[in-house]
>>> print(open('data.txt').read())   # compact mmCIF, C-alpha atoms
# COMPACT_ATOMS: atom_id res chain seq x y z
CA MET L 1 11.24 53.12 -25.72
CA VAL L 2 13.35 54.02 -22.71
CA LEU L 3 15.75 55.86 -25.02
CA ALA L 4 12.94 57.84 -26.60
CA ALA L 5 11.45 58.79 -23.26
CA GLY L 6 14.84 59.59 -21.74
CA SER L 7 15.99 61.87 -24.52
CA ALA L 8 12.62 63.63 -24.51
CA VAL L 9 12.98 64.25 -20.78
CA PHE L 10 16.48 65.56 -21.49
CA ILE L 11 14.98 68.05 -23.95
CA MET L 12 12.66 69.17 -21.20
CA PHE L 13 15.46 69.91 -18.75
CA THR L 14 18.45 71.02 -20.77
CA LYS L 15 19.19 74.69 -21.14
CA ASN L 16 21.37 74.44 -24.22
CA ILE L 17 19.34 74.63 -27.42
CA LEU L 18 21.91 72.70 -29.43
CA TYR L 19 21.84 69.85 -26.93
CA ALA L 20 18.05 69.89 -27.17
CA ALA L 21 18.27 69.55 -30.96
CA LEU L 22 20.68 66.61 -30.66
CA ALA L 23 18.46 64.93 -28.06
CA LEU L 24 15.57 65.44 -30.48
CA MET L 25 17.59 63.48 -33.03
CA VAL L 26 17.93 60.60 -30.55
CA THR L 27 14.19 60.72 -29.95
CA PHE L 28 13.43 60.59 -33.67
CA LEU L 29 15.81 57.69 -34.28
CA SER L 30 14.43 55.62 -31.43
CA LEU L 31 10.90 56.36 -32.62
CA ALA L 32 11.94 55.06 -36.05
CA VAL L 33 13.09 51.84 -34.37
CA ILE L 34 9.71 51.55 -32.64
CA PHE L 35 8.00 52.08 -36.01
CA ILE L 36 9.97 49.18 -37.46
CA PHE L 37 8.91 46.98 -34.55
CA LEU L 38 5.32 47.97 -35.21
CA GLY L 39 5.57 46.83 -38.83
CA ALA L 40 5.76 50.24 -40.51
CA GLU L 41 9.08 50.10 -42.35
CA PHE L 42 8.30 52.76 -44.91
CA VAL L 43 7.21 55.24 -42.26
CA ALA L 44 10.38 54.50 -40.30
CA ILE L 45 12.57 55.23 -43.33
CA THR L 46 10.60 58.37 -44.09
CA GLN L 47 10.96 59.40 -40.47
CA ILE L 48 14.74 59.12 -40.66
CA LEU L 49 14.92 60.85 -44.04
CA VAL L 50 12.56 63.71 -43.33
CA TYR L 51 13.02 64.35 -39.62
CA VAL L 52 16.65 63.49 -38.98
CA GLY L 53 17.87 64.44 -42.43
CA GLY L 54 15.72 67.46 -43.06
CA ILE L 55 13.99 69.07 -40.14
CA LEU L 56 16.87 68.68 -37.70
CA ILE L 57 19.36 70.16 -40.14
CA LEU L 58 16.96 73.06 -40.62
CA LEU L 59 16.67 73.43 -36.85
CA VAL L 60 20.43 73.49 -36.36
CA PHE L 61 20.79 76.05 -39.13
CA GLY L 62 18.07 78.10 -37.47
CA ILE L 63 19.88 77.92 -34.13
CA MET L 64 23.12 79.05 -35.75
CA LEU L 65 21.45 81.88 -37.64
CA THR L 66 19.44 83.25 -34.74
CA ASN L 67 22.04 83.45 -32.01
CA LYS L 68 24.69 86.03 -31.46
CA THR L 69 28.07 84.67 -32.29
CA GLY L 70 30.73 85.08 -29.67
CA SER L 71 28.95 83.57 -26.74
CA THR L 72 30.13 80.03 -26.22
CA GLN L 73 26.77 78.49 -25.42
CA VAL L 74 23.31 79.02 -26.79
CA LEU L 75 21.08 79.00 -23.77
CA SER L 76 17.35 79.20 -23.38
CA LEU L 77 16.07 79.49 -19.85
CA THR L 78 12.75 78.13 -18.75
CA TYR L 79 9.96 80.39 -17.60
CA ASN L 80 6.51 79.79 -16.17
CA LYS L 81 7.72 76.48 -14.81
CA VAL L 82 4.91 75.97 -12.33
CA LEU L 83 2.20 76.79 -14.83
CA GLY L 84 3.71 74.60 -17.51
CA PHE L 85 4.19 71.74 -15.08
CA LEU L 86 0.61 72.02 -13.87
CA ALA L 87 -0.88 72.09 -17.36
CA SER L 88 1.20 69.29 -18.83
CA GLY L 89 1.08 67.20 -15.68
CA ALA L 90 -2.71 67.41 -15.54
CA LEU L 91 -2.96 66.43 -19.21
CA PHE L 92 -0.62 63.49 -18.62
CA ILE L 93 -2.64 62.28 -15.67
CA ILE L 94 -5.82 62.43 -17.73
CA LEU L 95 -4.20 60.54 -20.62
CA PHE L 96 -2.64 57.99 -18.27
CA LYS L 97 -5.99 57.29 -16.64
CA GLY L 98 -7.68 56.97 -20.01
CA ILE L 99 -5.10 54.67 -21.50
CA THR L 100 -4.81 52.37 -18.52
CA LEU L 101 -8.56 52.13 -18.05
CA ALA L 102 -9.36 51.52 -21.70
CA ASN L 103 -9.78 47.94 -22.82
CA PHE L 104 -8.25 47.86 -26.28
CA ALA L 105 -8.56 44.10 -26.61
CA ALA L 106 -12.32 44.44 -26.76
CA LEU L 107 -12.25 46.40 -30.00
CA ASP L 108 -13.50 44.30 -32.85
CA TRP L 109 -10.92 45.49 -35.37
CA ASN L 110 -8.10 44.59 -33.02
CA LYS L 111 -6.47 41.65 -34.77
CA GLU L 112 -3.36 41.20 -32.66
CA SER L 113 -0.82 42.79 -34.94
CA GLU L 114 -1.10 40.59 -37.96
CA SER L 115 0.67 43.02 -40.27
CA LEU L 116 4.11 42.43 -38.85
CA GLU L 117 5.39 40.99 -42.11
CA PRO L 118 6.99 43.58 -44.40
CA SER L 119 4.22 45.64 -45.89
CA ILE L 120 5.98 48.08 -48.18
CA ALA L 121 4.56 46.60 -51.40
CA LYS L 122 1.01 46.65 -50.11
CA PHE L 123 1.59 50.14 -48.75
CA GLY L 124 2.77 51.43 -52.13
CA GLN L 125 -0.18 49.86 -53.92
CA ILE L 126 -2.68 51.43 -51.56
CA LEU L 127 -0.94 54.79 -51.69
CA MET L 128 -0.97 54.86 -55.47
CA THR L 129 -4.55 53.64 -55.93
CA ASP L 130 -6.90 54.53 -53.12
CA TYR L 131 -5.14 57.58 -51.78
CA VAL L 132 -3.60 59.02 -54.93
CA ILE L 133 -5.59 62.27 -54.78
CA ALA L 134 -4.48 62.97 -51.23
CA PHE L 135 -0.93 62.05 -52.22
CA GLU L 136 -0.90 64.58 -55.05
CA ILE L 137 -2.43 67.27 -52.87
CA ILE L 138 0.11 66.72 -50.13
CA GLY L 139 2.90 66.97 -52.70
CA LEU L 140 1.48 70.26 -53.94
CA LEU L 141 1.25 71.52 -50.35
CA LEU L 142 4.88 70.64 -49.70
CA LEU L 143 5.98 72.37 -52.91
CA LEU L 144 4.06 75.52 -52.05
CA ALA L 145 5.36 75.54 -48.48
CA LEU L 146 8.97 75.19 -49.59
CA ILE L 147 8.63 77.91 -52.22
CA GLY L 148 7.04 80.13 -49.60
CA ALA L 149 9.84 79.37 -47.12
CA VAL L 150 12.50 80.27 -49.66
CA ARG L 151 10.60 83.42 -50.58
CA ILE L 152 10.28 84.49 -46.94
CA ALA L 153 13.82 83.70 -45.84
CA GLY L 154 15.55 84.74 -49.04
CA LYS L 155 17.29 88.01 -49.49
CA ALA L 156 14.98 90.95 -49.95
CA ARG L 157 15.48 92.18 -53.47
CA LYS L 158 14.04 94.96 -55.52
CA GLU L 159 10.70 93.80 -56.82
CA ALA L 160 9.70 94.83 -60.30
CA ASP L 161 6.59 96.89 -60.46
CA HIS L 162 3.67 94.61 -61.17
CA GLY L 163 1.19 97.31 -61.99
CA THR L 164 -0.83 98.29 -58.92
CA MET Y 1 4.84 45.24 -28.06
CA GLU Y 2 1.85 45.99 -25.93
CA LEU Y 3 -0.41 48.75 -27.19
CA ASP Y 4 -0.77 50.36 -23.78
CA TYR Y 5 2.94 51.01 -23.36
CA ILE Y 6 3.22 52.61 -26.77
CA LEU Y 7 0.26 54.84 -26.07
CA LEU Y 8 1.77 55.81 -22.73
CA LEU Y 9 5.06 56.68 -24.42
CA SER Y 10 3.16 58.75 -26.94
CA ALA Y 11 1.29 60.56 -24.17
CA LEU Y 12 4.59 61.25 -22.40
CA LEU Y 13 6.15 62.67 -25.58
CA PHE Y 14 3.12 64.87 -26.19
CA VAL Y 15 3.15 66.19 -22.64
CA ILE Y 16 6.88 66.93 -22.81
CA GLY Y 17 6.31 68.80 -26.06
CA LEU Y 18 3.56 70.80 -24.41
CA PHE Y 19 5.81 71.58 -21.46
CA VAL Y 20 8.58 72.77 -23.77
CA VAL Y 21 6.18 74.96 -25.74
CA ILE Y 22 4.80 76.54 -22.57
CA THR Y 23 8.02 77.11 -20.68
CA ARG Y 24 10.51 78.22 -23.31
CA LYS Y 25 10.76 81.66 -24.77
CA ASN Y 26 13.12 80.95 -27.61
CA ALA Y 27 11.22 80.48 -30.86
CA ILE Y 28 13.37 77.53 -31.93
CA MET Y 29 12.69 75.67 -28.70
CA VAL Y 30 8.98 76.20 -29.29
CA LEU Y 31 9.39 74.67 -32.74
CA ILE Y 32 11.21 71.70 -31.20
CA GLY Y 33 8.30 71.21 -28.81
CA ILE Y 34 5.83 71.29 -31.69
CA GLU Y 35 7.86 68.66 -33.54
CA LEU Y 36 7.73 66.45 -30.45
CA MET Y 37 3.97 66.79 -30.22
CA LEU Y 38 3.53 65.97 -33.92
CA ASN Y 39 5.73 62.93 -33.51
CA ALA Y 40 3.66 61.73 -30.58
CA ALA Y 41 0.54 61.89 -32.73
CA ASN Y 42 2.43 60.01 -35.42
CA LEU Y 43 3.35 57.27 -32.98
CA ASN Y 44 -0.30 56.87 -32.01
CA LEU Y 45 -1.31 56.50 -35.65
CA ILE Y 46 1.34 53.86 -36.29
CA ALA Y 47 0.47 51.96 -33.13
CA PHE Y 48 -3.21 51.69 -33.96
CA SER Y 49 -2.41 50.94 -37.60
CA SER Y 50 -0.31 47.92 -36.69
CA TYR Y 51 -3.22 46.45 -34.75
CA ASP Y 52 -5.62 47.24 -37.54
CA GLY Y 53 -5.70 45.15 -40.68
CA SER Y 54 -5.54 47.99 -43.16
CA LEU Y 55 -2.72 50.46 -43.66
CA GLN Y 56 -4.73 53.65 -43.32
CA GLY Y 57 -2.85 54.79 -40.24
CA GLN Y 58 0.52 54.49 -41.93
CA ILE Y 59 -0.64 56.47 -44.94
CA PHE Y 60 -2.04 59.17 -42.72
CA SER Y 61 1.20 59.33 -40.76
CA ILE Y 62 3.11 59.86 -44.01
CA PHE Y 63 0.87 62.83 -44.69
CA LEU Y 64 1.49 64.04 -41.15
CA ILE Y 65 5.25 63.86 -41.64
CA THR Y 66 4.94 65.87 -44.85
CA VAL Y 67 2.86 68.55 -43.18
CA ALA Y 68 5.34 68.67 -40.30
CA ALA Y 69 8.19 69.19 -42.76
CA ALA Y 70 6.33 72.03 -44.46
CA GLU Y 71 5.51 73.56 -41.10
CA ALA Y 72 9.11 73.40 -39.92
CA ALA Y 73 10.42 74.94 -43.14
CA VAL Y 74 8.01 77.87 -43.09
CA GLY Y 75 8.36 78.33 -39.33
CA LEU Y 76 12.14 78.47 -39.45
CA ALA Y 77 12.06 80.85 -42.39
CA ILE Y 78 9.81 83.17 -40.38
CA VAL Y 79 12.06 82.85 -37.30
CA VAL Y 80 15.17 83.74 -39.31
CA LYS Y 81 13.42 86.70 -40.87
CA VAL Y 82 12.11 87.92 -37.52
CA TYR Y 83 15.57 87.55 -36.03
CA ASN Y 84 17.03 89.67 -38.81
CA TYR Y 85 14.51 92.37 -38.04
CA PHE Y 86 14.33 92.34 -34.24
CA ARG Y 87 17.82 90.98 -33.51
CA THR Y 88 16.33 88.49 -31.06
CA ALA Y 89 14.47 85.20 -31.12
CA ASP Y 90 12.82 85.79 -27.77
CA LEU Y 91 9.09 85.50 -28.24
CA ASP Y 92 8.22 87.92 -25.43
CA LYS Y 93 10.27 90.72 -26.92
CA ILE Y 94 8.71 90.42 -30.35
CA ASN Y 95 5.60 92.39 -29.63
CA GLU Y 96 4.96 94.76 -32.47
CA LEU Y 97 3.51 93.99 -35.84
CA LYS Y 98 4.45 97.05 -37.81
CA GLY Y 99 7.87 98.31 -37.01
>>> encode(input="data.txt", output="structure tokens")
Amino acid sequence: MVLAAGSAVFIMFTKNILYAALALMVTFLSLAVIFIFLGAEFVAITQILVYVGGILILLVFGIMLTNKTGSTQVLSLTYNKVLGFLASGALFIILFKGITLANFAALDWNKESESLEPSIAKFGQILMTDYVIAFEIIGLLLLLALIGAVRIAGKARKEADHGT
Amino acid sequence: MELDYILLLSALLFVIGLFVVITRKNAIMVLIGIELMLNAANLNLIAFSSYDGSLQGQIFSIFLITVAAAEAAVGLAIVVKVYNYFRTADLDKINELKG
């Protein structure tokens, strides 16, 4: 938890975008560890596969493609510091108050973390029975988004005339 | 692990993501901030799911990860395309729709 918070704070203060991306990787990995402690192994593995293996690689490619080569560092200065600090600080104070004042033990569904045994089998059964429609729809969404991303970022080519 | 600490960590991550989104002008840093905020929401879902008997929270967080992946792919594609057109990724300098 300290690692996750520390690397996130590092993202907040660093000026180098590449360092920020690497600190984001540390945050994702430590969050995966926390997920395992919370009894969500499948989500932890998916987190590592999708975030660290996919999104971060995409981010690093994006950084390399959108910065002028030749300069040694890719910097991004911070602006509107006071405004950003006020807004996020106020939100954090509100959340902190709410979380510390709330009495989660009084909730009736709170069963003191009984699902700490490995739950991948149960998870797969539920995903493939109760939530199969949502699963298919999310797969379709991902397919469409990736096709759209390739179409947007790909080379502009001569389109054939489709009527119109 | 205590639920309160996890929720506080999640709140901290969300607030840092918000700070990054507000204060940076580079489009990629804004995307990094959005990823942090999505991950904070994910952590909340997992935390409540582990104290709940059912696995609904975990399933929903899988969907959230998928949507985040789609969002990052499309967002980065748009950023690369915009950079090719405007020769900058600075969000304040990209201020015309039809060039």
>>> closest_residue(input="data.txt", among="Y:Phe86, Y:Val67, Y:Asn44, Y:Lys93", to="chain L", atoms="all atoms listed in the file")
Y:Val67
>>> interface_residues(input="data.txt", of="chain Y", to="chain L", cutoff="7 Å", atoms="only C-alpha atoms", output="PyMOL selection string")
chain Y and resi 4+8-9+11-13+15-16+18-20+22-24+26+28-29+46-47+50-53+55+58-59+62-63+66+69-70+72-74+76-78+80-81+83+89
>>> atom_distance(input="data.txt", atom1="CA of Leu29 in chain L", atom2="CA of Val52 in chain L")
7.5 Å
>>> atom_distance(input="data.txt", atom1="CA of Leu7 in chain Y", atom2="CA of Ser54 in chain Y")
19.3 Å
>>> atom_distance(input="data.txt", atom1="CA of Asn42 in chain Y", atom2="CA of Gln56 in chain Y")
12.4 Å
>>> residues_near_point(input="data.txt", point="(6.5, 70.9, -33.5)", cutoff="10 Å", atoms="only C-alpha atoms", output="list in words")
Gly17, Leu18, Val21, Ile28, Met29, Val30, Leu31, Ile32, Gly33, Ile34, Glu35, Leu36, Met37, Leu38, Asn39, Ala68, Ala69, Glu71, Ala72 and Gly75 of chain Y
>>> write_last_selection(input="data.txt", atoms="C-alpha atoms", output="PDB file, in the frame of the given file")
ATOM      1  CA  GLY Y  17       6.310  68.800 -26.060  1.00  0.00           C
ATOM      2  CA  LEU Y  18       3.560  70.800 -24.410  1.00  0.00           C
ATOM      3  CA  VAL Y  21       6.180  74.960 -25.740  1.00  0.00           C
ATOM      4  CA  ILE Y  28      13.370  77.530 -31.930  1.00  0.00           C
ATOM      5  CA  MET Y  29      12.690  75.670 -28.700  1.00  0.00           C
ATOM      6  CA  VAL Y  30       8.980  76.200 -29.290  1.00  0.00           C
ATOM      7  CA  LEU Y  31       9.390  74.670 -32.740  1.00  0.00           C
ATOM      8  CA  ILE Y  32      11.210  71.700 -31.200  1.00  0.00           C
ATOM      9  CA  GLY Y  33       8.300  71.210 -28.810  1.00  0.00           C
ATOM     10  CA  ILE Y  34       5.830  71.290 -31.690  1.00  0.00           C
ATOM     11  CA  GLU Y  35       7.860  68.660 -33.540  1.00  0.00           C
ATOM     12  CA  LEU Y  36       7.730  66.450 -30.450  1.00  0.00           C
ATOM     13  CA  MET Y  37       3.970  66.790 -30.220  1.00  0.00           C
ATOM     14  CA  LEU Y  38       3.530  65.970 -33.920  1.00  0.00           C
ATOM     15  CA  ASN Y  39       5.730  62.930 -33.510  1.00  0.00           C
ATOM     16  CA  ALA Y  68       5.340  68.670 -40.300  1.00  0.00           C
ATOM     17  CA  ALA Y  69       8.190  69.190 -42.760  1.00  0.00           C
ATOM     18  CA  GLU Y  71       5.510  73.560 -41.100  1.00  0.00           C
ATOM     19  CA  ALA Y  72       9.110  73.400 -39.920  1.00  0.00           C
ATOM     20  CA  GLY Y  75       8.360  78.330 -39.330  1.00  0.00           C
TER      21      GLY Y  75
END
>>> closest_residue(input="data.txt", among="Y:Leu3, Y:Ile94, Y:Ile65, Y:Ala40", to="Val79 in chain Y", atoms="only C-alpha atoms")
Y:Ile94
>>> build_atoms(input="data.txt", residues="range 58-91 of chain Y", atoms="N, CA and C atoms", output="short mmCIF file (atom, residue, chain, number, x, y, z; two decimals), in the frame of the given file")
data_model
loop_
_atom_site.label_atom_id
_atom_site.label_comp_id
_atom_site.auth_asym_id
_atom_site.auth_seq_id
_atom_site.Cartn_x
_atom_site.Cartn_y
_atom_site.Cartn_z
N GLN Y 58 -0.81 54.20 -41.40
CA GLN Y 58 0.52 54.49 -41.93
C GLN Y 58 0.46 55.56 -42.99
N ILE Y 59 -0.54 55.47 -43.87
CA ILE Y 59 -0.64 56.47 -44.94
C ILE Y 59 -0.90 57.84 -44.34
N PHE Y 60 -1.76 57.87 -43.34
CA PHE Y 60 -2.04 59.17 -42.72
C PHE Y 60 -0.80 59.71 -42.02
N SER Y 61 0.00 58.83 -41.44
CA SER Y 61 1.20 59.33 -40.76
C SER Y 61 2.22 59.85 -41.77
N ILE Y 62 2.25 59.28 -42.98
CA ILE Y 62 3.11 59.86 -44.01
C ILE Y 62 2.67 61.28 -44.32
N PHE Y 63 1.36 61.48 -44.43
CA PHE Y 63 0.87 62.83 -44.69
C PHE Y 63 1.24 63.76 -43.54
N LEU Y 64 1.17 63.22 -42.32
CA LEU Y 64 1.49 64.04 -41.15
C LEU Y 64 2.96 64.45 -41.17
N ILE Y 65 3.83 63.53 -41.57
CA ILE Y 65 5.25 63.86 -41.64
C ILE Y 65 5.48 64.95 -42.68
N THR Y 66 4.76 64.85 -43.82
CA THR Y 66 4.94 65.87 -44.85
C THR Y 66 4.49 67.24 -44.35
N VAL Y 67 3.35 67.27 -43.69
CA VAL Y 67 2.86 68.55 -43.18
C VAL Y 67 3.81 69.10 -42.14
N ALA Y 68 4.39 68.21 -41.31
CA ALA Y 68 5.34 68.67 -40.30
C ALA Y 68 6.57 69.27 -40.97
N ALA Y 69 7.02 68.65 -42.07
CA ALA Y 69 8.19 69.19 -42.76
C ALA Y 69 7.88 70.57 -43.32
N ALA Y 70 6.71 70.72 -43.91
CA ALA Y 70 6.33 72.03 -44.46
C ALA Y 70 6.26 73.06 -43.35
N GLU Y 71 5.66 72.65 -42.22
CA GLU Y 71 5.51 73.56 -41.10
C GLU Y 71 6.87 74.00 -40.57
N ALA Y 72 7.80 73.05 -40.45
CA ALA Y 72 9.11 73.40 -39.92
C ALA Y 72 9.84 74.34 -40.88
N ALA Y 73 9.72 74.08 -42.19
CA ALA Y 73 10.42 74.94 -43.14
C ALA Y 73 9.90 76.37 -43.07
N VAL Y 74 8.57 76.51 -43.12
CA VAL Y 74 8.01 77.87 -43.09
C VAL Y 74 8.27 78.54 -41.74
N GLY Y 75 8.13 77.76 -40.64
CA GLY Y 75 8.36 78.33 -39.33
C GLY Y 75 9.78 78.82 -39.15
N LEU Y 76 10.76 78.03 -39.60
CA LEU Y 76 12.14 78.47 -39.45
C LEU Y 76 12.44 79.64 -40.33
N ALA Y 77 11.84 79.68 -41.53
CA ALA Y 77 12.06 80.85 -42.39
C ALA Y 77 11.55 82.11 -41.70
N ILE Y 78 10.36 82.00 -41.07
CA ILE Y 78 9.81 83.17 -40.38
C ILE Y 78 10.70 83.55 -39.20
N VAL Y 79 11.21 82.54 -38.46
CA VAL Y 79 12.06 82.85 -37.30
C VAL Y 79 13.32 83.57 -37.75
N VAL Y 80 13.94 83.09 -38.83
CA VAL Y 80 15.17 83.74 -39.31
C VAL Y 80 14.88 85.16 -39.74
N LYS Y 81 13.76 85.35 -40.42
CA LYS Y 81 13.42 86.70 -40.87
C LYS Y 81 13.16 87.62 -39.68
N VAL Y 82 12.42 87.11 -38.71
CA VAL Y 82 12.11 87.92 -37.52
C VAL Y 82 13.39 88.25 -36.76
N TYR Y 83 14.31 87.27 -36.72
CA TYR Y 83 15.57 87.55 -36.03
C TYR Y 83 16.35 88.65 -36.75
N ASN Y 84 16.33 88.62 -38.08
CA ASN Y 84 17.03 89.67 -38.81
C ASN Y 84 16.43 91.04 -38.53
N TYR Y 85 15.14 91.07 -38.26
CA TYR Y 85 14.51 92.37 -38.04
C TYR Y 85 14.67 92.82 -36.59
N PHE Y 86 14.34 91.93 -35.64
CA PHE Y 86 14.33 92.34 -34.24
C PHE Y 86 15.63 92.07 -33.52
N ARG Y 87 16.54 91.35 -34.13
CA ARG Y 87 17.82 90.98 -33.51
C ARG Y 87 17.62 90.14 -32.26
N THR Y 88 16.53 89.41 -32.17
CA THR Y 88 16.33 88.49 -31.06
C THR Y 88 15.34 87.42 -31.49
N ALA Y 89 15.44 86.26 -30.86
CA ALA Y 89 14.47 85.20 -31.12
C ALA Y 89 13.59 84.97 -29.90
N ASP Y 90 13.61 85.93 -28.98
CA ASP Y 90 12.82 85.79 -27.77
C ASP Y 90 11.37 86.19 -28.05
N LEU Y 91 10.47 85.26 -27.80
CA LEU Y 91 9.09 85.50 -28.24
C LEU Y 91 8.40 86.59 -27.44
#
